[in-house]
Amino acid sequence: MIDGVLPDPRRHAYREDLAAESLRDHVTAPRYVTGDPRQVQVPVLPLRRRPRFDAMLDSEALFGETLTLLDENEGWAWVQLARDGYVGYMPSEGLSAAVRAPTHRVATLRTYVYPEPDFKRPPLALLSMNAQLSAAGVEGRFIALSTGGFVFAEHAREVREAAEDVVAEALRFVGTPYLWGGRTSLGLDCSGLVQLASEAAGVACPRDADMQAAELGRPLEREAGLARGDLVFWDGHVGIMTNAEDLLHASAHHMTVVVEPLAEAKARIAASGSEFLGVRRP
């Protein structure tokens, strides 16, 4: 325990039978493990609350992301993601023991992986924004991946090259369906939108809205003038201001990513019983 309280299990790997070695002084378990490095080798892997395909989707890991494998049983891996420390279960078959350092990331909403540097060839896979790529070289207008296949070079950026505007990155997702736990251009939730846009701009960002409310930026007085990029929080929800009046968010009411007047969103969310928590400025 830390100060008499068990660590948040979302970001601390422990179960009744097993815990990460790093938690030896904080939780009691029959066995502690350091785990082994793994890398996601498919376009996206679900991170679930339990080792079942019908279990709650807590998050998703994108192609090229790294993690620590803590336990594996009957096709399910119990893991902790390197990106944000999130803990959960994912299908083992989507993981590789060969870990390659990323050189690039997907900088568009999504892009295809082709078997040859030729856009007329049937693609092998579809990758989403922030998927991590390891380049083996360049052939014409394509990046050759060390994992095999080719990605259109103009759809990628070097990992050290961050986008300049978090809001502009988030606006790319307007119209994307709402998906609880989602982190791709095919479906995402409110905190996933903030996380993806922040990471594209080179800003480390926790996964869930309550974590973001506690850790991102600095709090503003509620009456302070809002500005582009400010984060607005409710209990269990977050959105990004595109200007002083309009809110961009992945909305479970609209079931899509929308931009709408903040006043309208506040009134509707208040009517649903969700408490307004305030604003933070990154």
# chains A, B, ... in the order shown; residues from 1 in each chain; ligands from 1

call {"tool": "residues_around", "arguments": {"residues": "Phe150 of chain A", "least_positions_apart": "6", "cutoff": "9 Å", "atoms": "only C-alpha atoms", "output": "ChimeraX atom specification"}}
result
/A:112-118,138-139,142-144

call {"tool": "residues_around", "arguments": {"residues": "segment 229-244 of chain A", "least_positions_apart": "6", "cutoff": "8 Å", "atoms": "only C-alpha atoms", "output": "list in words"}}
result
Val166, Val167, Cys190, Ser191, Val194, Ala209, Asp210, Ala213, Ala250, Ser274, Glu275, Phe276, Leu277, Gly278, Val279, Arg280, Arg281 and Pro282 of chain A

call {"tool": "atom_distance", "arguments": {"atom1": "atom CA of His155 of chain A", "atom2": "atom CA of Val106 of chain A"}}
result
6.0 Å

call {"tool": "residues_around", "arguments": {"residues": "Phe53 of chain A", "least_positions_apart": "2", "cutoff": "12 Å", "atoms": "only C-alpha atoms", "output": "list in words"}}
result
Leu45, Pro46, Leu47, Arg48, Arg49, Arg50, Pro51, Ala55, Met56, Leu57, Gly75, Trp76, Tyr89, Met90 and Pro91 of chain A

call {"tool": "residues_around", "arguments": {"residues": "segment 77-88 of chain A", "least_positions_apart": "5", "cutoff": "6 Å", "atoms": "only C-alpha atoms", "output": "VMD selection string"}}
result
chain A and resid 10 to 11 47 to 49 66 to 72 206

call {"tool": "select_by_dssp", "arguments": {"residues": "segment 95-162 of chain A", "states": "strand (DSSP E)", "output": "PyMOL selection string"}}
result
chain A and resi 95-96+104-106+110-114+125-128+132-133+135-139+142-145+150-152+156-158

call {"tool": "residues_around", "arguments": {"residues": "Leu196 of chain A", "least_positions_apart": "6", "cutoff": "10 Å", "atoms": "only C-alpha atoms", "output": "NGL selection string"}}
result
:A and (129-130 or 166 or 169-170 or 173 or 183-185 or 188 or 202-205 or 207)

call {"tool": "select_by_dssp", "arguments": {"residues": "segment 59-280 of chain A", "states": "helix (DSSP H, G or I)", "output": "MDAnalysis selection string"}}
result
chainID A and resid 92:94 153:155 166:171 190:200 209:215 262:271

call {"tool": "residues_around", "arguments": {"residues": "Ala101 of chain A", "least_positions_apart": "3", "cutoff": "9 Å", "atoms": "only C-alpha atoms", "output": "PDB file with N, CA and C atoms, in the first residue's frame"}}
result
ATOM      1  N   GLY A  64       3.094  -1.254 -33.223  1.00  0.00           N
ATOM      2  CA  GLY A  64       4.401  -0.745 -32.854  1.00  0.00           C
ATOM      3  C   GLY A  64       4.557  -0.333 -31.412  1.00  0.00           C
ATOM      4  N   GLN A 132       3.246   3.218 -34.420  1.00  0.00           N
ATOM      5  CA  GLN A 132       4.696   3.377 -34.421  1.00  0.00           C
ATOM      6  C   GLN A 132       5.321   2.527 -35.530  1.00  0.00           C
ATOM      7  N   LEU A 133       6.223   3.141 -36.298  1.00  0.00           N
ATOM      8  CA  LEU A 133       6.840   2.477 -37.435  1.00  0.00           C
ATOM      9  C   LEU A 133       8.351   2.402 -37.247  1.00  0.00           C
ATOM     10  N   SER A 134       8.935   1.319 -37.702  1.00  0.00           N
ATOM     11  CA  SER A 134      10.384   1.167 -37.703  1.00  0.00           C
ATOM     12  C   SER A 134      10.840   1.069 -39.153  1.00  0.00           C
TER      13      SER A 134
END
